[in-house]
Every structure is written in C-alpha cells, then in structure tokens.
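Participant: One structure, pasted below without further comment.
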Amino acid sequence: MERCQKLKRGDRRLVVVITKKGIKLPYVGKEKFAELMRVGLRYDKQTRMFRIEKTEYLEQIKNVLTEILKEPITFAQTCIICGREFPCTECPYEKICRSKDFPSYCICKNCLGKPELYRLYLEKSGKLVGL
Amino acid sequence: MSTSLMWTEKYRPQTVGEIIGNDEAKKSFISWLKTWKPGVKAALLYGPPGVGKTTLVQAAAKTFSYDLIEMNASDTRTAEKIMRVAGHAASEDSLLTHFSGSRGTLILLDEVDGIYGREDQGGIGAILRLIRESKVPIVLVANDISDVRLRDLKNECLLIPFHHVRPPLLLALLKELCRREGLEAEDEALKILVNRCEGDVRSAINDLQSIAERTKHIKVEDVERLLPRDKQITVQEALKKIFLADPPSEARKALAEVNIDFELLHQAIHDNLPYQYKDPEDLASAYDALSRADLYFGRIKRTKDWGFLSYALEQMTVGVAASRKKSYYPVGYRFPPSKLILLSKSKAERELKDKICSLIAEKCHVSRRRATMDFLPFLKAIFSSNLEEAKKIASWLNLTDEMVDYLSSGKVSKAKKR
C-alpha cells in the first residue's frame with residue numbers, strides 16, 4: 001500500500017493506492033474479515049497482507065476498504081513497458097477510460113511519449129503472455 | 001490507401017502477439033490452451049464487443065497450429081446441428097494431426113449468450129454435453145454471461161474476463177495505423193476518436209478508416225463530423241445510471257442504452273435498491289416509485305393498453321432516482337434477480353414434484369392440483385415415518401428411486417439435479 005496525494009479543486013486529498021503486493025489493514029473483526037473474503041480478497045498469513053484474488057466485485061472491495069480505512073481507495077496499474085505501478089489519477093486519459101481503476105496492465109505517463117510505443121508494447125506483451 | 005478492404009480485416013492480428021490490451025486474459029487463455037488435456041474445463045471468454053475475444057482464439061489457433069472449427073450466431077445452433085458440426089470433431093482426433101503436423105482441433109462457439117429461443121432449441125444442453133465428453137479443447141465466447149440460463153455453462157468453464165481496451169494502447173494502435181496508411185493526424189483528433197469508441201478496437205479502426213477515405217490529414221473537425229454511435233451498456237451499468245443519476249431525469253437514458261426486458265430490469269432495480277440506498281427514507285420512497293411502476297405493468301397486462309408503459313418506465317427510473325436525497329457510492333450490483341435464481345435452483349424439484357403428482361392424479365382419478373394439495377403432504381409424512389407402508393405405495397404408484405428419495409427426505413438427489 002502506498003499513499004499518494006491527489007489534487008482536486010485545489011484541495012490536497014489522500015488516496016490509498018493498493019498495489020499488487022497487497023494491503024496491510026488494522027484489525028477488522030470477524031464480520032468485516034468475512035466480507036472481505038466474500039468480495040474477493042485473500043489474506044496471506046506470512047506477510048499479513050490482504051491481496052486481491054478475484055476482480056468480479058471491485059466496487060464492493062473499494063467500498064469495504066474505504067469504510068475500514070476512512071479514505072478513498074484506488075487500485076494500482078502496472079506499466080507493461082517499465083513495470084512501474086501507478087494509480088489511474090496519474091494518467092492523462094483517466095476521464096475517457098472505460099476500464100478505469102481496474103487493476104491491470106497499462107502504460108504509465110513516463111512511457112507514453114516513447115518512440116515506437118506500439119512495437120515496444122507488442123514486444124513486452126508477447127513476453128508477458130509467454131510467447 | 002486501399003479502400004476496398006476493411007481495415008479491421010486488413011489489420012486483423014494473425015498471431016497472439018499482435019492483439020492489443022487484455023494482457024491478463026491473454027495470459028490465462030494461452031496458459032489454459034498450452035496445458036489443456038481431456039477432462040480439463042472448457043474456456044469461456046466474455047466481455048464487451050470489439051476487444052479481441054474471437055480474434056484471440058483465431059490467432060491462438062494459428063500460433064499453436066490448431067485446426068479451428070467455428071460456429072457463430074449466423075448458424076442455427078440447435079442441439080442436433082451443434083452435435084453434427086462439433087460433436088464428431090470433439091470425439092475424435094483430427095486426421096490432420098497425423099499428416100500435416102497440426103496439434104488437433106480447436107472448437108470455437110462464438111456468441112453463446114445468443115443461443116436461445118425456438119430456433120436454437122436444446123443448444124445450451126448440447127454444448128454442455130460436448131464440453132463434458134470432448135477430447136479436444138472447446139472455447140466459448142460471449143458478451144454478457146449474467147443471464148441465468150448460462151449458469152450451468154459457467155460452472156463447466158474456466159471464466160476469462162475481457163475489459164475495454166485502455167486509451168493509451170488504443171492511441172498507440174491508431175498512430176501505428178496512421179503511419180502504415182501514410183496519414184497525418186492531430187493528437188487531439190485521435191484522442192477524441194479513442195473517447196468515441198469507448199475501448200472498442202473494432203469501432204476505433206472503422207472510424208479511422210471512414211475518416212481516411214475523405215482526407216489524409218485528420219483534424220478534430222473530421223472526427224466531430226462522424227455520426228454519434230448507439231451505445232450498449234450492461235445491466236450493471238444501467239443500474240448505476242438509474243440509481244446515481246444526477247439530475248434524476250438522466251436515469252431515463254439508461255433505458256435506451258440497455259438491451260433487457262423492462263420487467264426484468266424492474267426486478268433488478270427492486271433487488272439492488274437496499275444495497276444502494278442506505279437511508280431508510282430514500283429507500284422507502286424509491287420502493288413507492290417501484291410499486292407504482294408495478295401497478296402500471298399490472299394494468300398493461302390486464303387491459304393490453306400499452307399507453308401505461310411510459311408511466312411505468314418513468315416511475316422505475318426517474319421516480320427511483322428522484323427518491324435519493326443523499327449521495328451514495330456505486331456498489332457491486334447483483335444480476336440476475338434473486339427470484340430467477342431461486343426459480344432456476346428449484347426447477348429440478350418442481351419438475352419431480354409435477355411428475356409425482358401426475359402419477360397420483362392418474363391412479364387416484366383426481367386433478368394434479370388436488371394431488372398436490374391433498375395427497376402430497378400426507379405421502380411425505382408416510383414416507384418419512386412408515387417405511388413398510390411407503391414401499392407398498394411406491395410400488396403401487398410406480399415411483400422411481402428419485403421420487404422416493406424426494407418424498408422421504410424432501411430433497412432432490414444430486415444426480416437428478418444434474
């Protein structure tokens with residue numbers, strides 16, 4: 001988990017960014033724990049972190065975590081080109097994206113301007129898929 | 001520039017590596033295909049149109065040397081037709097495996113969410129049989145799998161979700177197409193094009209081609225000149241639009257964009273309201289609006305006066321949205337409605353009960369209704385307490401083992417359910 005600052009109408013607002021590693025939560029109690037498991041999170045006893053396993057109920061995951069942390073939640077995207085994790089709030093195309101906030105692979109703002117981006121993407125995507 | 005060929009065909013990815021977006025889905029699918037052996041589940045790829053589901057299967061068949069057998073919505077997909085086309089391929093190794101170095105056959109059943117109605121009778125059952133008995137990998141493709149009729153199919157498949165392709169990837173693709181076709185395009189124009197197609201690669205390429213047929217220098221005005229596209233949204237998106245519409249009159253628009261029976265949507269709104277509106281007053285007022293809509297639906301059924309429909313729709317969309325006094329976050333919406341799920345779960349039980357009552361009605365010369373009301377409860381009591389008597393009645397009525405199980409335990413055995 002990392003906390004990033006988001007600028008919104010001049011206010012500085014905290015947004016909790018959940019990365020692939022997972023998120024550490026304070027004690028949530030039995031009921032909330034069961035709810036988290038039901039919506040698709042898994043608890044790793046060794047690292048004591050909650051990790052997203054199923055993405056079917058992302059909105060519900062968001063709501064439950066927002067309730068627990070009392071701060072808005074966003075999921076980190078992984079840049080397929082450089083491997084960096086970043087929130088959608090960083091992306092210049094955030095407003096027009098139809099799969100916004102869905103934790104997946106994308107291209108970060110630093111890599112957007114790279115020459116031959118399409119070829120670079122196909123290369124990295126091929127490696128990722130295992131071709 | 002070639003105008004005779006559709007660019008979607010001209011630039012159709014020939015290998016898996018050329019498909020953009022949905023990298024996690026691609027990874028899951030390829031790993032499924034590489035490790036598939038008889039007995040492993042089929043794959044069900046689902047997601048919005050134009051994101052590369054069918055293309056991925058076709059490209060994977062080429063990349064991994066499979067012979068592809070494809071059935072899509074343009075074919076009639078009755079049980080008989082499916083078994084005739086795919087059944088033979090699913091049960092035996094292809095001859096080509098031995099002669100041409102092919103790895104075998106890959107069966108693709110496209111648009112399985114469209115297999116309904118009289119013309120496709122028994123289609124879903126045939127696909128289920130095909131999956132269970134297949135000796136070759138089977139891939140199903142669908143846009144929306146929320147329909148309760150696809151429940152059994154979902155249980156037999158590895159579900160691989162696809163999402164709208166991200167704008168940066170789409171933009172990179174459009175720039176590459178412009179380069180290959182010798183076009184010059186303003187960045188802002190391409191951005192508007194990407195916004196317009198909403199993550200649908202096919203639409204983006206078609207739009208770019210239609211502009212390129214007029215000009216080689218694509219400007220913002222050229223993109224703005226394109227006709228607006230009809231949008232199709234999922235039931236979940238429609239529910240979100242209705243519940244969180246601001247101003248409430250915007251809720252009406254959801255009806256035009258979603259392809260669903262209005263009464264089913266009414267049921268879905270009814271089911272999801274308590275999860276969305278947490279304030280009891282908002283909830284009560286929204287249910288009032290829904291009940292008024294229900295009244296109108298009832299009047300339409302009684303009087304066949306469809307003039308009431310606009311009132312019903314207004315109440316269940318704008319009426320519900322206007323009931324909201326507080327602001328809420330969207331939640332994960334539940335669909336299909338619980339009523340349909342319950343009906344589908346109890347289908348096996350209801351069928352068995354009907355059969356028992358038919359046997360009773362025939363033997364005792366009473367109506368089936370009478371058998372259900374006056375005989376069945378007493379038979380259940382006898383079967384659960386007096387085994388000797390139960391045996392005699394069972395042989396007199398010619399009851400099967402499942403029927404006896406049901407009467408003595410009140411449950412349908414698993415074998416019957418399947």
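By order of appearance in the structure tokens: chains A, B, ..., then residues from 1 within every chain, and ligands from 1 in the order shown.
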Quick one: residues within 12 Å of Lys21 of chain A, only C-alpha atoms counted, chain neighbours fewer than 5 positions away excluded, as a PyMOL selection string?

Facilitator: chain A and resi 1-2+42-44+47-53+75-76+78+85+103

Participant: Selection from above, N, CA and C atoms, as a compact mmCIF listing (two decimals), in the first residue's frame, can you write it?

Facilitator:
```txt
# COMPACT_ATOMS: atom_id res chain seq x y z
N MET A 1 0.85 -1.20 0.00
CA MET A 1 0.00 0.00 0.00
C MET A 1 0.88 1.24 0.00
N GLU A 2 0.53 2.21 -0.78
CA GLU A 2 1.24 3.48 -0.69
C GLU A 2 0.19 4.58 -0.70
N ARG A 42 -7.88 -12.09 -0.49
CA ARG A 42 -7.31 -13.24 0.21
C ARG A 42 -6.29 -12.74 1.22
N TYR A 43 -6.19 -13.44 2.35
CA TYR A 43 -5.28 -12.99 3.40
C TYR A 43 -4.05 -13.89 3.41
N ASP A 44 -2.88 -13.28 3.32
CA ASP A 44 -1.64 -14.05 3.36
C ASP A 44 -1.12 -13.99 4.79
N THR A 47 2.80 -12.77 5.18
CA THR A 47 3.11 -11.33 5.03
C THR A 47 2.09 -10.47 5.79
N ARG A 48 1.02 -11.08 6.26
CA ARG A 48 -0.08 -10.40 6.95
C ARG A 48 -0.71 -9.31 6.07
N MET A 49 -0.81 -9.64 4.82
CA MET A 49 -1.38 -8.66 3.88
C MET A 49 -2.60 -9.24 3.19
N PHE A 50 -3.51 -8.36 2.80
CA PHE A 50 -4.69 -8.75 2.02
C PHE A 50 -4.37 -8.51 0.55
N ARG A 51 -4.69 -9.49 -0.30
CA ARG A 51 -4.38 -9.38 -1.71
C ARG A 51 -5.66 -9.62 -2.54
N ILE A 52 -5.78 -8.89 -3.64
CA ILE A 52 -6.98 -9.08 -4.47
C ILE A 52 -6.83 -10.36 -5.29
N GLU A 53 -7.76 -11.29 -5.12
CA GLU A 53 -7.68 -12.52 -5.89
C GLU A 53 -8.71 -12.54 -7.02
N PHE A 75 -6.90 1.41 -7.19
CA PHE A 75 -6.04 0.26 -7.42
C PHE A 75 -4.90 0.64 -8.36
N ALA A 76 -3.72 0.12 -8.08
CA ALA A 76 -2.55 0.48 -8.90
C ALA A 76 -2.58 -0.27 -10.24
N THR A 78 -0.18 -1.53 -13.55
CA THR A 78 1.24 -1.86 -13.79
C THR A 78 1.59 -1.45 -15.21
N GLU A 85 4.40 0.67 -10.92
CA GLU A 85 2.99 0.67 -10.51
C GLU A 85 2.53 2.11 -10.28
N PRO A 103 -7.48 -3.07 -11.70
CA PRO A 103 -6.04 -3.33 -11.59
C PRO A 103 -5.55 -4.24 -12.72
```

Participant: Skipping near chain neighbours, those fewer than 6 positions away, what residues fall within 8 Å of Cys79 of chain A using only C-alpha atoms, listed as number ranges by chain?

Facilitator: A: 85-86, 105-108

Participant: Please return, as a list in words, all residues of chain B lying within 6 Å of chain A when only C-alpha atoms are considered.

Facilitator: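 So the residues of chain B near chain A are Gly17, Lys27, His164, Ala172, Asn195, Val331 and Gly332 of chain B.
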
Participant: Pick out the residues sitting within 12 Å of Arg370 of chain B, and hand them over as a VMD selection string; count only C-alpha atoms, and ignore anything fewer than 4 positions along from it in its own chain.

Facilitator: chain B and resid 354 357 to 358 360 to 362 364 to 366 374 to 377

Participant: Name the residues of segment 297-382 of chain B that fall into alpha helix (DSSP H) according to DSSP on the backbone, using the chain letters and numbers of this document, as a VMD selection string.

Facilitator: chain B and resid 297 to 303 309 to 314 320 to 322 338 to 345 347 to 364 368 to 370 376 to 382

Participant: Store the residues picked out above in a file with C-alpha atoms, as a tab-separated table (two decimals), in the first residue's frame.

Facilitator:
```
chain	number	residue	atom	x	y	z
B	297	PHE	CA	-47.23	-3.10	-15.51
B	298	GLY	CA	-50.20	-4.94	-14.00
B	299	ARG	CA	-52.65	-2.64	-15.78
B	300	ILE	CA	-50.85	-3.21	-19.09
B	301	LYS	CA	-51.22	-6.98	-18.62
B	302	ARG	CA	-54.91	-6.72	-17.73
B	303	THR	CA	-56.04	-4.15	-20.28
B	309	LEU	CA	-45.79	1.76	-20.33
B	310	SER	CA	-44.32	5.27	-20.34
B	311	TYR	CA	-45.71	5.85	-16.81
B	312	ALA	CA	-44.25	2.54	-15.60
B	313	LEU	CA	-40.82	3.32	-17.08
B	314	GLU	CA	-40.84	6.85	-15.69
B	320	VAL	CA	-36.32	5.88	-8.19
B	321	ALA	CA	-33.53	8.38	-8.93
B	322	ALA	CA	-35.60	11.31	-7.58
B	338	SER	CA	-32.76	-13.45	-6.99
B	339	LYS	CA	-36.28	-14.52	-7.98
B	340	LEU	CA	-34.98	-16.00	-11.24
B	341	ILE	CA	-32.05	-17.68	-9.47
B	342	LEU	CA	-34.43	-19.27	-6.97
B	343	LEU	CA	-36.73	-20.46	-9.72
B	344	SER	CA	-33.82	-21.95	-11.64
B	345	LYS	CA	-32.44	-23.65	-8.49
B	347	LYS	CA	-36.51	-26.26	-11.28
B	348	ALA	CA	-35.43	-29.89	-10.75
B	349	GLU	CA	-37.53	-30.13	-7.57
B	350	ARG	CA	-40.62	-28.62	-9.23
B	351	GLU	CA	-40.31	-30.97	-12.20
B	352	LEU	CA	-40.02	-34.02	-9.93
B	353	LYS	CA	-42.99	-32.87	-7.85
B	354	ASP	CA	-45.05	-32.45	-11.02
B	355	LYS	CA	-44.20	-35.98	-12.14
B	356	ILE	CA	-45.18	-37.46	-8.76
B	357	CYS	CA	-48.47	-35.54	-8.80
B	358	SER	CA	-49.19	-36.73	-12.35
B	359	LEU	CA	-48.76	-40.36	-11.19
B	360	ILE	CA	-51.03	-39.77	-8.18
B	361	ALA	CA	-53.63	-38.00	-10.35
B	362	GLU	CA	-53.67	-40.91	-12.82
B	363	LYS	CA	-54.01	-43.62	-10.16
B	364	CYS	CA	-56.47	-41.82	-7.90
B	368	ARG	CA	-52.99	-32.69	-10.42
B	369	ARG	CA	-53.88	-29.66	-8.32
B	370	ARG	CA	-55.85	-31.87	-5.94
B	376	LEU	CA	-48.60	-34.98	-1.43
B	377	PRO	CA	-48.27	-33.67	2.18
B	378	PHE	CA	-49.66	-36.97	3.55
B	379	LEU	CA	-47.43	-39.06	1.29
B	380	LYS	CA	-44.41	-37.11	2.55
B	381	ALA	CA	-45.44	-37.81	6.14
B	382	ILE	CA	-45.86	-41.56	5.42
```

Participant: Between atom CA of Val17 of chain A and atom CA of Gly21 of chain B, what is the distance in Å, rounded to a tenth?

Facilitator: 22.4 Å

Participant: Find the spatial neighbours of segment 55-68 of chain B, counting only C-alpha atoms, within a cut-off of 9 Å - ignore same-chain residues fewer than 6 positions away - and output them as a list in words.

Facilitator: Arg12, Pro13, Gln14, Thr15, Val16, Gly17, Glu18, Ile19, Lys26, Phe29, Ile30, Leu33, Lys34, Ser94, Leu96, Thr97, Gly101, Ser102, Arg103, Gly104, Thr105, Leu106, Ile107, Leu108 and Val139 of chain B

Participant: Can you write out the residues you just picked, keeping N, CA and C atoms, as a short mmCIF file (atom, residue, chain, number, x, y, z; two decimals), in the first residue's frame?

Facilitator:
```
data_model
loop_
_atom_site.label_atom_id
_atom_site.label_comp_id
_atom_site.auth_asym_id
_atom_site.auth_seq_id
_atom_site.Cartn_x
_atom_site.Cartn_y
_atom_site.Cartn_z
N ARG B 12 -6.25 -7.38 -39.14
CA ARG B 12 -6.65 -8.37 -38.12
C ARG B 12 -5.41 -9.11 -37.64
N PRO B 13 -5.17 -9.16 -36.32
CA PRO B 13 -3.96 -9.82 -35.82
C PRO B 13 -3.88 -11.28 -36.29
N GLN B 14 -2.73 -11.64 -36.80
CA GLN B 14 -2.53 -13.01 -37.28
C GLN B 14 -1.91 -13.90 -36.19
N THR B 15 -1.25 -13.24 -35.24
CA THR B 15 -0.67 -14.01 -34.13
C THR B 15 -1.15 -13.40 -32.81
N VAL B 16 -1.03 -14.19 -31.73
CA VAL B 16 -1.49 -13.70 -30.42
C VAL B 16 -0.73 -12.44 -30.03
N GLY B 17 0.54 -12.38 -30.41
CA GLY B 17 1.39 -11.23 -30.06
C GLY B 17 0.93 -9.92 -30.66
N GLU B 18 0.04 -9.95 -31.66
CA GLU B 18 -0.38 -8.70 -32.31
C GLU B 18 -1.67 -8.14 -31.72
N ILE B 19 -2.25 -8.84 -30.75
CA ILE B 19 -3.52 -8.36 -30.16
C ILE B 19 -3.21 -7.38 -29.05
N LYS B 26 -5.22 -12.67 -21.99
CA LYS B 26 -4.42 -13.39 -23.00
C LYS B 26 -3.55 -14.43 -22.31
N PHE B 29 -5.60 -17.38 -21.08
CA PHE B 29 -6.09 -18.21 -22.17
C PHE B 29 -4.95 -19.07 -22.76
N ILE B 30 -3.80 -18.43 -22.97
CA ILE B 30 -2.67 -19.18 -23.57
C ILE B 30 -2.22 -20.28 -22.62
N LEU B 33 -4.69 -23.07 -22.88
CA LEU B 33 -4.58 -23.82 -24.14
C LEU B 33 -3.34 -24.72 -24.14
N LYS B 34 -2.23 -24.19 -23.57
CA LYS B 34 -0.98 -24.96 -23.56
C LYS B 34 -1.09 -26.19 -22.67
N SER B 94 -8.19 -35.28 -35.08
CA SER B 94 -8.24 -34.92 -36.48
C SER B 94 -7.20 -35.73 -37.26
N LEU B 96 -5.64 -34.62 -39.69
CA LEU B 96 -4.56 -33.70 -40.00
C LEU B 96 -3.45 -33.75 -38.95
N THR B 97 -3.83 -34.17 -37.70
CA THR B 97 -2.84 -34.26 -36.64
C THR B 97 -1.69 -35.17 -37.09
N GLY B 101 1.01 -32.08 -39.28
CA GLY B 101 1.73 -31.50 -38.13
C GLY B 101 0.85 -30.63 -37.27
N SER B 102 -0.48 -30.65 -37.53
CA SER B 102 -1.39 -29.86 -36.70
C SER B 102 -1.50 -30.49 -35.32
N ARG B 103 -1.77 -29.66 -34.31
CA ARG B 103 -1.88 -30.20 -32.95
C ARG B 103 -3.25 -30.80 -32.68
N GLY B 104 -4.17 -30.63 -33.62
CA GLY B 104 -5.51 -31.18 -33.45
C GLY B 104 -6.56 -30.12 -33.72
N THR B 105 -7.74 -30.35 -33.21
CA THR B 105 -8.86 -29.45 -33.48
C THR B 105 -9.13 -28.56 -32.28
N LEU B 106 -9.51 -27.33 -32.56
CA LEU B 106 -9.95 -26.39 -31.51
C LEU B 106 -11.35 -25.95 -31.91
N ILE B 107 -12.31 -26.14 -31.00
CA ILE B 107 -13.69 -25.77 -31.33
C ILE B 107 -14.02 -24.41 -30.73
N LEU B 108 -14.51 -23.50 -31.57
CA LEU B 108 -14.88 -22.17 -31.09
C LEU B 108 -16.39 -21.97 -31.28
N VAL B 139 -13.66 -23.64 -26.86
CA VAL B 139 -13.68 -22.26 -26.37
C VAL B 139 -15.03 -21.64 -26.67
#
```
